[in-house]
$ cat start25.pdb   # PDB, C-alpha atoms and all ligand atoms
ATOM      1  CA  MET M 230      89.689  85.296  82.108
ATOM      2  CA  ASN M 231      93.281  86.309  81.288
ATOM      3  CA  GLN M 232      95.912  83.853  80.097
ATOM      4  CA  ASN M 233      97.909  83.859  83.315
ATOM      5  CA  PHE M 234      94.797  83.100  85.348
ATOM      6  CA  ARG M 235      93.908  80.191  83.011
ATOM      7  CA  LYS M 236      97.457  78.835  83.395
ATOM      8  CA  GLN M 237      97.183  78.998  87.192
ATOM      9  CA  ILE M 238      93.786  77.226  87.215
ATOM     10  CA  PHE M 239      95.233  74.550  84.918
ATOM     11  CA  ILE M 240      98.245  73.978  87.195
ATOM     12  CA  GLU M 241      96.061  73.980  90.324
ATOM     13  CA  PHE M 242      93.679  71.433  88.804
ATOM     14  CA  PHE M 243      96.447  68.995  87.870
ATOM     15  CA  SER M 244      98.218  69.575  91.182
ATOM     16  CA  ALA M 245      94.992  68.670  92.999
ATOM     17  CA  LEU M 246      94.659  65.472  90.911
ATOM     18  CA  PHE M 247      98.303  64.636  91.616
ATOM     19  CA  VAL M 248      97.854  65.148  95.368
ATOM     20  CA  PHE M 249      94.700  63.032  95.311
ATOM     21  CA  PHE M 250      96.632  60.268  93.549
ATOM     22  CA  LEU M 251      99.474  60.467  96.105
ATOM     23  CA  ILE M 252      97.080  60.338  99.069
ATOM     24  CA  GLN M 253      95.468  57.195  97.648
ATOM     25  CA  ASN M 254      98.834  55.530  97.138
ATOM     26  CA  THR M 255     100.921  56.292 100.179
ATOM     27  CA  ASN M 256     100.935  55.484 103.836
ATOM     28  CA  GLN M 257     103.616  58.124 104.497
ATOM     29  CA  GLN M 258     101.107  60.914 105.241
ATOM     30  CA  VAL M 259     103.595  63.161 107.061
ATOM     31  CA  ASN M 260     106.205  63.129 104.313
ATOM     32  CA  LEU M 261     103.453  63.749 101.815
ATOM     33  CA  TYR M 262     102.630  67.135 103.390
ATOM     34  CA  TYR M 263     106.261  68.233 103.113
ATOM     35  CA  PHE M 264     106.496  66.877  99.597
ATOM     36  CA  ILE M 265     103.385  68.843  98.528
ATOM     37  CA  GLY M 266     104.907  72.001 100.060
ATOM     38  CA  GLY M 267     108.055  71.426  97.992
ATOM     39  CA  VAL M 268     106.135  70.816  94.748
ATOM     40  CA  ALA M 269     103.940  73.899  95.345
ATOM     41  CA  PHE M 270     107.092  75.952  95.904
ATOM     42  CA  PHE M 271     108.584  74.640  92.670
ATOM     43  CA  LEU M 272     105.401  75.422  90.691
ATOM     44  CA  SER M 273     105.214  78.882  92.238
ATOM     45  CA  VAL M 274     108.752  79.597  90.991
ATOM     46  CA  LEU M 275     107.849  78.094  87.616
ATOM     47  CA  VAL M 276     104.840  80.398  87.037
ATOM     48  CA  LYS M 277     106.882  83.395  88.326
ATOM     49  CA  ASN M 278     104.714  84.289  91.306
ATOM     50  CA  HIS M 279     105.967  87.092  93.527
ATOM     51  CA  TYR M 280     108.713  85.844  95.849
ATOM     52  CA  TRP M 281     106.506  86.003  98.942
ATOM     53  CA  TRP M 282     104.089  83.555  97.277
ATOM     54  CA  HIS M 283     106.947  81.017  97.005
ATOM     55  CA  PHE M 284     107.213  81.133 100.774
ATOM     56  CA  ILE M 285     103.436  80.840 101.309
ATOM     57  CA  HIS M 286     103.230  77.814  98.991
ATOM     58  CA  LEU M 287     106.208  76.216 100.699
ATOM     59  CA  VAL M 288     104.812  76.398 104.224
ATOM     60  CA  PHE M 289     101.066  76.041 103.535
ATOM     61  CA  MET M 290     100.665  72.223 103.510
ATOM     62  CA  PRO M 291     103.323  71.538 106.187
ATOM     63  CA  GLY M 292     101.552  74.250 108.221
ATOM     64  CA  ILE M 293      98.236  72.433 107.869
ATOM     65  CA  TYR M 294      99.852  69.232 109.050
ATOM     66  CA  LEU M 295     101.578  70.889 112.018
ATOM     67  CA  SER M 296      98.401  72.704 113.075
ATOM     68  CA  SER M 297      96.505  69.399 112.963
ATOM     69  CA  THR M 298      98.927  68.019 115.563
ATOM     70  CA  LEU M 299      98.155  70.911 117.957
ATOM     71  CA  HIS M 300      94.535  69.787 118.513
ATOM     72  CA  ILE M 301      93.107  73.269 118.013
ATOM     73  CA  HIS M 302      89.321  73.384 118.378
ATOM     74  CA  PRO M 303      87.687  73.386 114.888
ATOM     75  CA  ILE M 304      85.612  76.456 115.799
ATOM     76  CA  PHE M 305      88.749  78.613 115.391
ATOM     77  CA  PHE M 306      89.123  77.456 111.800
ATOM     78  CA  LEU M 307      85.449  78.170 111.140
ATOM     79  CA  PHE M 308      85.946  81.634 112.626
ATOM     80  CA  GLY M 309      89.036  82.174 110.404
ATOM     81  CA  PHE M 310      87.045  81.068 107.381
ATOM     82  CA  PHE M 311      84.287  83.618 108.075
ATOM     83  CA  ILE M 312      86.789  86.445 108.582
ATOM     84  CA  LEU M 313      88.428  85.613 105.251
ATOM     85  CA  PHE M 314      85.096  85.190 103.517
ATOM     86  CA  PHE M 315      83.743  88.549 104.670
ATOM     87  CA  THR M 316      86.952  90.410 103.753
ATOM     88  CA  SER M 317      87.666  88.685 100.426
ATOM     89  CA  LYS M 318      84.720  89.128  98.107
ATOM     90  CA  GLY M 319      86.909  91.316  95.885
ATOM     91  CA  ALA M 320      89.538  88.571  95.664
ATOM     92  CA  ILE M 321      86.961  85.968  94.690
ATOM     93  CA  LYS M 322      85.075  88.045  92.113
ATOM     94  CA  ASP M 323      87.677  90.458  90.697
ATOM     95  CA  GLN M 324      91.066  89.025  91.719
ATOM     96  CA  VAL M 325      91.524  92.050  93.994
ATOM     97  CA  PRO M 326      92.568  91.065  97.536
ATOM     98  CA  LEU M 327      92.636  93.336 100.579
ATOM     99  CA  PHE M 328      95.906  95.122 101.237
ATOM    100  CA  LEU M 329      96.259  98.663 102.433
ATOM    101  CA  SER M 330      97.767 101.894 101.155
ATOM    102  CA  ASN M 331     100.717 102.708 103.377
ATOM    103  CA  LYS M 332     101.391 106.053 105.051
ATOM    104  CA  LYS M 333     104.013 107.227 102.535
ATOM    105  CA  THR M 334     101.671 106.509  99.625
ATOM    106  CA  ASN M 335      98.883 108.425 101.350
ATOM    107  CA  GLU M 336     101.288 111.350 101.832
ATOM    108  CA  GLU M 337     102.022 111.398  98.074
ATOM    109  CA  LEU M 338      98.334 111.102  97.302
ATOM    110  CA  TYR M 339      97.659 113.996  99.660
ATOM    111  CA  LYS M 340     100.102 116.154  97.635
ATOM    112  CA  LEU M 341      98.308 115.235  94.409
ATOM    113  CA  VAL M 342      94.872 116.038  95.848
ATOM    114  CA  LYS M 343      96.236 119.368  97.052
ATOM    115  CA  LYS M 344      97.653 120.094  93.601
ATOM    116  CA  TYR M 345      94.459 119.324  91.646
ATOM    117  CA  GLU M 346      91.998 120.705  94.253
ATOM    118  CA  PRO M 347      89.098 118.390  93.412
ATOM    119  CA  LYS M 348      85.645 118.945  94.959
ATOM    120  CA  SER M 349      84.959 115.239  95.267
ATOM    121  CA  PHE M 350      87.198 112.227  95.786
ATOM    122  CA  LEU M 351      86.398 108.526  95.367
ATOM    123  CA  ASP M 352      88.441 105.551  96.558
ATOM    124  CA  ILE M 353      87.219 102.720  94.386
ATOM    125  CA  GLY M 354      87.632  99.597  96.548
ATOM    126  CA  SER M 355      88.210 101.482  99.781
ATOM    127  CA  GLY M 356      89.119  98.544 102.073
ATOM    128  CA  ILE M 357      89.021  99.589 105.726
ATOM    129  CA  SER M 358      89.004 103.296 104.713
ATOM    130  CA  THR M 359      92.705 103.900 105.442
ATOM    131  CA  THR M 360      93.057 106.437 102.626
ATOM    132  CA  LEU M 361      89.622 107.963 103.248
ATOM    133  CA  VAL M 362      90.444 108.644 106.912
ATOM    134  CA  TYR M 363      93.823 110.115 105.983
ATOM    135  CA  LEU M 364      92.253 112.564 103.515
ATOM    136  CA  ALA M 365      89.048 113.291 105.479
ATOM    137  CA  LYS M 366      91.191 114.670 108.336
ATOM    138  CA  ARG M 367      93.098 116.968 105.993
ATOM    139  CA  PHE M 368      90.460 118.157 103.494
ATOM    140  CA  ILE M 369      87.451 118.976 105.607
ATOM    141  CA  ASP M 370      85.634 120.810 102.775
ATOM    142  CA  MET M 371      86.030 118.071 100.224
ATOM    143  CA  LYS M 372      83.411 115.359  99.624
ATOM    144  CA  ILE M 373      85.261 112.107 100.242
ATOM    145  CA  SER M 374      83.686 108.780  99.276
ATOM    146  CA  GLY M 375      84.560 105.130  99.054
ATOM    147  CA  VAL M 376      82.955 101.998  97.698
ATOM    148  CA  GLU M 377      83.755  98.579  99.080
ATOM    149  CA  ASN M 378      82.112  95.220  98.366
ATOM    150  CA  SER M 379      83.339  93.055 101.278
ATOM    151  CA  TYR M 380      81.044  93.366 104.259
ATOM    152  CA  LEU M 381      83.531  93.196 107.127
ATOM    153  CA  THR M 382      86.046  95.610 105.607
ATOM    154  CA  TYR M 383      83.185  97.971 104.744
ATOM    155  CA  LYS M 384      81.896  97.799 108.326
ATOM    156  CA  ILE M 385      85.341  98.539 109.819
ATOM    157  CA  GLY M 386      85.691 101.370 107.276
ATOM    158  CA  THR M 387      82.384 102.992 108.314
ATOM    159  CA  LEU M 388      83.346 102.821 112.002
ATOM    160  CA  ARG M 389      86.674 104.508 111.274
ATOM    161  CA  LEU M 390      84.869 107.304 109.419
ATOM    162  CA  LYS M 391      82.166 107.975 111.986
ATOM    163  CA  ASP M 392      83.761 111.236 113.194
ATOM    164  CA  TYR M 393      84.099 112.734 109.707
ATOM    165  CA  ASP M 394      80.995 114.411 108.263
ATOM    166  CA  ASN M 395      82.723 114.963 104.918
ATOM    167  CA  ALA M 396      83.399 111.259 104.303
ATOM    168  CA  GLN M 397      81.299 108.189 103.683
ATOM    169  CA  VAL M 398      81.643 104.668 102.337
ATOM    170  CA  LYS M 399      79.049 102.544 100.536
ATOM    171  CA  LEU M 400      78.750  98.771 100.499
ATOM    172  CA  THR M 401      78.518  98.169  96.778
ATOM    173  CA  ASN M 402      80.284  96.805  93.741
ATOM    174  CA  LEU M 403      82.582  99.275  91.981
ATOM    175  CA  TRP M 404      81.161  98.224  88.598
ATOM    176  CA  ASP M 405      77.699  99.386  89.710
ATOM    177  CA  THR M 406      78.997 102.756  90.937
ATOM    178  CA  PRO M 407      78.262 105.793  88.737
ATOM    179  CA  LEU M 408      81.441 107.892  88.494
ATOM    180  CA  LYS M 409      80.150 111.111  86.966
ATOM    181  CA  GLU M 410      80.069 113.126  90.200
ATOM    182  CA  TYR M 411      83.744 112.526  91.080
ATOM    183  CA  ASP M 412      86.627 114.629  89.830
ATOM    184  CA  PHE M 413      89.408 112.645  91.537
ATOM    185  CA  ILE M 414      89.349 108.840  91.580
ATOM    186  CA  TYR M 415      91.852 106.660  93.381
ATOM    187  CA  ALA M 416      92.247 102.889  93.025
ATOM    188  CA  PHE M 417      94.545 100.324  94.594
ATOM    189  CA  LEU M 418      93.292  97.102  93.033
ATOM    190  CA  SER M 419      95.305  94.593  90.964
ATOM    191  CA  PRO M 420      96.389  94.212  87.328
ATOM    192  CA  SER M 421      93.233  92.257  86.523
ATOM    193  CA  PRO M 422      90.502  94.962  86.358
ATOM    194  CA  MET M 423      92.586  97.924  85.135
ATOM    195  CA  GLU M 424      91.725  97.835  81.435
ATOM    196  CA  LYS M 425      87.973  97.521  82.082
ATOM    197  CA  LEU M 426      88.119 100.143  84.820
ATOM    198  CA  TRP M 427      89.764 102.683  82.526
ATOM    199  CA  VAL M 428      86.990 102.138  79.934
ATOM    200  CA  LYS M 429      84.421 102.801  82.683
ATOM    201  CA  ILE M 430      86.247 105.900  83.913
ATOM    202  CA  LYS M 431      86.581 107.359  80.421
ATOM    203  CA  SER M 432      82.959 106.756  79.537
ATOM    204  CA  GLU M 433      81.449 108.072  82.794
ATOM    205  CA  THR M 434      83.589 110.934  84.086
ATOM    206  CA  ASN M 435      83.932 114.532  82.926
ATOM    207  CA  PRO M 436      86.990 115.679  80.951
ATOM    208  CA  GLY M 437      89.732 116.739  83.336
ATOM    209  CA  THR M 438      88.929 114.064  85.952
ATOM    210  CA  ILE M 439      92.062 112.737  87.607
ATOM    211  CA  PHE M 440      92.561 109.007  88.029
ATOM    212  CA  VAL M 441      95.385 107.732  90.232
ATOM    213  CA  SER M 442      96.203 104.043  90.358
ATOM    214  CA  ASN M 443      98.453 102.748  93.094
ATOM    215  CA  SER M 444     100.956 100.186  91.735
ATOM    216  CA  PHE M 445      98.930  98.936  88.758
ATOM    217  CA  PRO M 446      99.128 100.898  85.500
ATOM    218  CA  VAL M 447      96.401 100.916  82.883
ATOM    219  CA  PRO M 448      97.684  98.681  80.067
ATOM    220  CA  ASN M 449      98.685 100.537  76.875
ATOM    221  CA  VAL M 450      97.832 104.002  78.225
ATOM    222  CA  ASN M 451     100.584 106.509  78.984
ATOM    223  CA  PRO M 452     100.158 108.130  82.389
ATOM    224  CA  GLU M 453     100.567 111.905  82.753
ATOM    225  CA  THR M 454     102.998 111.310  85.597
ATOM    226  CA  VAL M 455     104.425 108.403  87.559
ATOM    227  CA  ILE M 456     105.296 109.119  91.171
ATOM    228  CA  GLU M 457     107.738 106.804  92.907
ATOM    229  CA  VAL M 458     106.790 106.560  96.555
ATOM    230  CA  GLU M 459     110.074 106.982  98.394
ATOM    231  CA  GLY M 460     111.244 104.108 100.590
ATOM    232  CA  THR M 461     108.620 101.710  99.192
ATOM    233  CA  ASN M 462     108.208  99.706  96.001
ATOM    234  CA  ARG M 463     104.955 101.543  95.251
ATOM    235  CA  LYS M 464     104.297 103.860  92.314
ATOM    236  CA  LEU M 465     101.349 106.153  91.700
ATOM    237  CA  TYR M 466     100.230 106.296  88.065
ATOM    238  CA  VAL M 467      98.423 109.562  87.357
ATOM    239  CA  TYR M 468      96.001 109.817  84.412
ATOM    240  CA  GLN M 469      93.805 112.678  83.281
ATOM    241  CA  VAL M 470      90.588 111.978  81.361
TER
HETATM  242  C1  LIG D   1      94.044  96.480  97.679
HETATM  243  S1  LIG D   1      92.627  96.887  98.609
HETATM  244  C2  LIG D   1      92.809  98.642  98.745
HETATM  245  C3  LIG D   1      92.091  99.240  99.931
HETATM  246  C4  LIG D   1      92.165 100.747 100.036
HETATM  247  N1  LIG D   1      91.836 101.405  98.803
HETATM  248  C5  LIG D   1      93.542 101.176 100.450
HETATM  249  O1  LIG D   1      94.250 101.671  99.591
HETATM  250  O2  LIG D   1      93.920 100.981 101.619
HETATM  251  C6  LIG D   1      91.355  96.678  97.378
HETATM  252  C7  LIG D   1      89.953  96.707  97.948
HETATM  253  O3  LIG D   1      89.030  96.693  96.863
HETATM  254  C8  LIG D   1      87.922  95.915  97.238
HETATM  255  N2  LIG D   1      87.241  95.455  96.020
HETATM  256  C9  LIG D   1      87.669  94.511  95.148
HETATM  257  N3  LIG D   1      86.802  94.354  94.149
HETATM  258  C10 LIG D   1      85.794  95.229  94.380
HETATM  259  C11 LIG D   1      84.577  95.528  93.702
HETATM  260  N4  LIG D   1      84.227  94.885  92.584
HETATM  261  N5  LIG D   1      83.778  96.485  94.206
HETATM  262  C12 LIG D   1      84.134  97.145  95.352
HETATM  263  N6  LIG D   1      85.253  96.890  96.053
HETATM  264  C13 LIG D   1      86.081  95.938  95.567
HETATM  265  C14 LIG D   1      88.526  94.768  98.036
HETATM  266  O4  LIG D   1      87.563  94.148  98.877
HETATM  267  C15 LIG D   1      89.609  95.512  98.824
HETATM  268  O5  LIG D   1      89.138  95.955 100.061
END
$ encode --input "start25.pdb" --output "structure tokens"
Amino acid sequence: MNQNFRKQIFIEFFSALFVFFLIQNTNQQVNLYYFIGGVAFFLSVLVKNHYWWHFIHLVFMPGIYLSSTLHIHPIFFLFGFFILFFTSKGAIKDQVPLFLSNKKTNEELYKLVKKYEPKSFLDIGSGISTTLVYLAKRFIDMKISGVENSYLTYKIGTLRLKDYDNAQVKLTNLWDTPLKEYDFIYAFLSPSPMEKLWVKIKSETNPGTIFVSNSFPVPNVNPETVIEVEGTNRKLYVYQV
């Protein structure tokens, strides 16, 4: 558990106690929702979350209150819960949520794959197979694989790949995936697993294997190259084992 994560858990715990205390001691329920939104916003700024988190924290509790006034059938919330649950295993276990490589990043990745001419490619945490589909179309002789541990994203990913014989995705945990057979590995995860992932890559892959991490560098390891993806705030960090 890293220090930042511990700090967040600590703040969340005391915030929850504080909210519980307020609920017990007020009859101004409506104002309380707005107040909690304001406090969450303040704490988000305090712990230096990304700016879009400030907005999410600000509107979350007021949003809950407003949605409760719309008399939406509870089944919709249950449905929403299941969608989140079956797409978010990575967020719960490894602090890696689902977000997708964009087209410009895939274009840059395509150039790198073309340059290194690997025989096999692995997207470690392949989401809904956005990158796999992009490459499977363009490298029909290359073995393209993905591993994904959230069921719904995996399922969507397999459907998107059904027309490509050279590509496949497995429903499994990346930490249980042997890496030896891959000579090009791509990851778009989060800062949290990068150090441990690099140890795994170095101990399991052959010398010369290329590892590209979208946005999240390996701590204390100098990349061979850093590619700025034009028109986005993304960077590709390229490492060679
Ligand atoms: C940021 S998304 C990237 C998706 C895809 N690689 C792309 O670039 O579009 C990270 C993905 O990794 C998956 N993931 C997180 N932890 C994982 C684990 N331990 N094993 C397998 N997949 C994992 C998440 O479910 C999520 O779909």
$ residues_near_ligand --input "start25.pdb" --ligand "ligand LIG 1 (chain D)" --cutoff "10 Å" --atoms "only C-alpha atoms and all ligand atoms" --output "MDAnalysis selection string"
chainID M and resid 315:332 334:335 351:362 375:383 386 399:406 415:419 422 442:444
$ resolve_selection --input "start25.pdb" --expression "the PyMOL selection byres (((chain M and resi 411) around 8) and not hetatm)" --output "list in words"
Lys348, Ser349, Phe350, Leu351, Leu408, Lys409, Glu410, Asp412, Phe413, Ile414, Thr434 and Thr438 of chain M
$ resolve_selection --input "start25.pdb" --expression "the PyMOL selection byres (((chain M and resi 341) around 12) and not hetatm)" --output "list in words"
Thr334, Asn335, Glu336, Glu337, Leu338, Tyr339, Lys340, Val342, Lys343, Lys344, Tyr345, Glu346, Pro347, Phe350, Leu364, Phe413, Ile414, Tyr415, Ile439, Phe440, Val441, Thr454, Val455, Ile456, Leu465, Tyr466, Val467 and Tyr468 of chain M
$ atom_distance --input "start25.pdb" --atom1 "CA of Lys236 in chain M" --atom2 "CA of Gln258 in chain M"
28.5 Å
$ residues_near_point --input "start25.pdb" --point "(109.9, 76.1, 94.3)" --cutoff "12 Å" --atoms "all atoms listed in the file" --output "PyMOL selection string"
chain M and resi 264-288
$ axis_aligned_box --input "start25.pdb" --around "range 248-256 of chain M" --padding-each-side "5 Å" --output "AutoDock Vina command-line options"
--center_x 97.8 --center_y 60.3 --center_z 98.7 --size_x 16.2 --size_y 19.7 --size_z 20.3
$ resolve_selection --input "start25.pdb" --expression "the PyMOL selection byres (((chain M and resi 450) around 12) and not hetatm)" --output "number ranges by chain"
M: 423-424, 427-428, 431, 445-449, 451-454, 466-470
$ atom_distance --input "start25.pdb" --atom1 "CA of Asn260 in chain M" --atom2 "CA of Phe247 in chain M"
15.0 Å
$ atom_distance --input "start25.pdb" --atom1 "CA of Val458 in chain M" --atom2 "CA of Gln397 in chain M"
26.5 Å
$ closest_residue --input "start25.pdb" --among "M:Arg235, M:Lys464, M:Lys366, M:His302" --to "Asp392 in chain M" --atoms "only C-alpha atoms"
M:Lys366
$ closest_residue --input "start25.pdb" --among "M:Lys391, M:Ile301, M:Leu261, M:Met371" --to "Phe249 in chain M" --atoms "all atoms listed in the file"
M:Leu261
$ decode --input "start25.pdb" --residues "range 320-335 of chain M" --atoms "N, CA and C atoms" --output "PDB file, in the first residue's frame"
ATOM      1  N   ALA M 320      -9.630  -1.871 -10.972  1.00  0.00           N
ATOM      2  CA  ALA M 320      -9.587  -0.687 -10.107  1.00  0.00           C
ATOM      3  C   ALA M 320      -9.610  -1.119  -8.648  1.00  0.00           C
ATOM      4  N   ILE M 321     -10.395  -2.168  -8.364  1.00  0.00           N
ATOM      5  CA  ILE M 321     -10.527  -2.600  -6.972  1.00  0.00           C
ATOM      6  C   ILE M 321      -9.231  -3.278  -6.510  1.00  0.00           C
ATOM      7  N   LYS M 322      -8.684  -4.161  -7.345  1.00  0.00           N
ATOM      8  CA  LYS M 322      -7.540  -4.962  -6.891  1.00  0.00           C
ATOM      9  C   LYS M 322      -6.194  -4.266  -7.092  1.00  0.00           C
ATOM     10  N   ASP M 323      -6.035  -3.545  -8.224  1.00  0.00           N
ATOM     11  CA  ASP M 323      -4.703  -3.019  -8.557  1.00  0.00           C
ATOM     12  C   ASP M 323      -4.659  -1.509  -8.715  1.00  0.00           C
ATOM     13  N   GLN M 324      -5.737  -0.823  -8.367  1.00  0.00           N
ATOM     14  CA  GLN M 324      -5.837   0.627  -8.586  1.00  0.00           C
ATOM     15  C   GLN M 324      -5.614   0.982 -10.050  1.00  0.00           C
ATOM     16  N   VAL M 325      -6.153   0.138 -10.945  1.00  0.00           N
ATOM     17  CA  VAL M 325      -6.059   0.403 -12.385  1.00  0.00           C
ATOM     18  C   VAL M 325      -7.484   0.439 -12.950  1.00  0.00           C
ATOM     19  N   PRO M 326      -8.036   1.638 -13.184  1.00  0.00           N
ATOM     20  CA  PRO M 326      -9.389   1.707 -13.730  1.00  0.00           C
ATOM     21  C   PRO M 326      -9.385   1.497 -15.240  1.00  0.00           C
ATOM     22  N   LEU M 327     -10.585   1.426 -15.809  1.00  0.00           N
ATOM     23  CA  LEU M 327     -10.709   1.293 -17.267  1.00  0.00           C
ATOM     24  C   LEU M 327     -10.728   2.673 -17.911  1.00  0.00           C
ATOM     25  N   PHE M 328      -9.761   2.968 -18.736  1.00  0.00           N
ATOM     26  CA  PHE M 328      -9.842   4.065 -19.691  1.00  0.00           C
ATOM     27  C   PHE M 328      -9.065   3.624 -20.913  1.00  0.00           C
ATOM     28  N   LEU M 329      -9.327   4.229 -22.052  1.00  0.00           N
ATOM     29  CA  LEU M 329      -8.903   3.601 -23.297  1.00  0.00           C
ATOM     30  C   LEU M 329      -7.787   4.377 -23.994  1.00  0.00           C
ATOM     31  N   SER M 330      -6.912   3.635 -24.666  1.00  0.00           N
ATOM     32  CA  SER M 330      -5.902   4.291 -25.501  1.00  0.00           C
ATOM     33  C   SER M 330      -6.617   5.030 -26.628  1.00  0.00           C
ATOM     34  N   ASN M 331      -6.227   6.265 -26.868  1.00  0.00           N
ATOM     35  CA  ASN M 331      -6.902   7.006 -27.937  1.00  0.00           C
ATOM     36  C   ASN M 331      -6.229   6.729 -29.292  1.00  0.00           C
ATOM     37  N   LYS M 332      -6.862   7.244 -30.353  1.00  0.00           N
ATOM     38  CA  LYS M 332      -6.421   6.907 -31.706  1.00  0.00           C
ATOM     39  C   LYS M 332      -4.980   7.380 -31.965  1.00  0.00           C
ATOM     40  N   LYS M 333      -4.672   8.598 -31.503  1.00  0.00           N
ATOM     41  CA  LYS M 333      -3.323   9.139 -31.763  1.00  0.00           C
ATOM     42  C   LYS M 333      -2.257   8.296 -31.059  1.00  0.00           C
ATOM     43  N   THR M 334      -2.568   7.834 -29.853  1.00  0.00           N
ATOM     44  CA  THR M 334      -1.611   6.982 -29.139  1.00  0.00           C
ATOM     45  C   THR M 334      -1.443   5.669 -29.889  1.00  0.00           C
ATOM     46  N   ASN M 335      -2.534   5.100 -30.368  1.00  0.00           N
ATOM     47  CA  ASN M 335      -2.427   3.853 -31.129  1.00  0.00           C
ATOM     48  C   ASN M 335      -1.609   4.048 -32.411  1.00  0.00           C
TER      49      ASN M 335
END
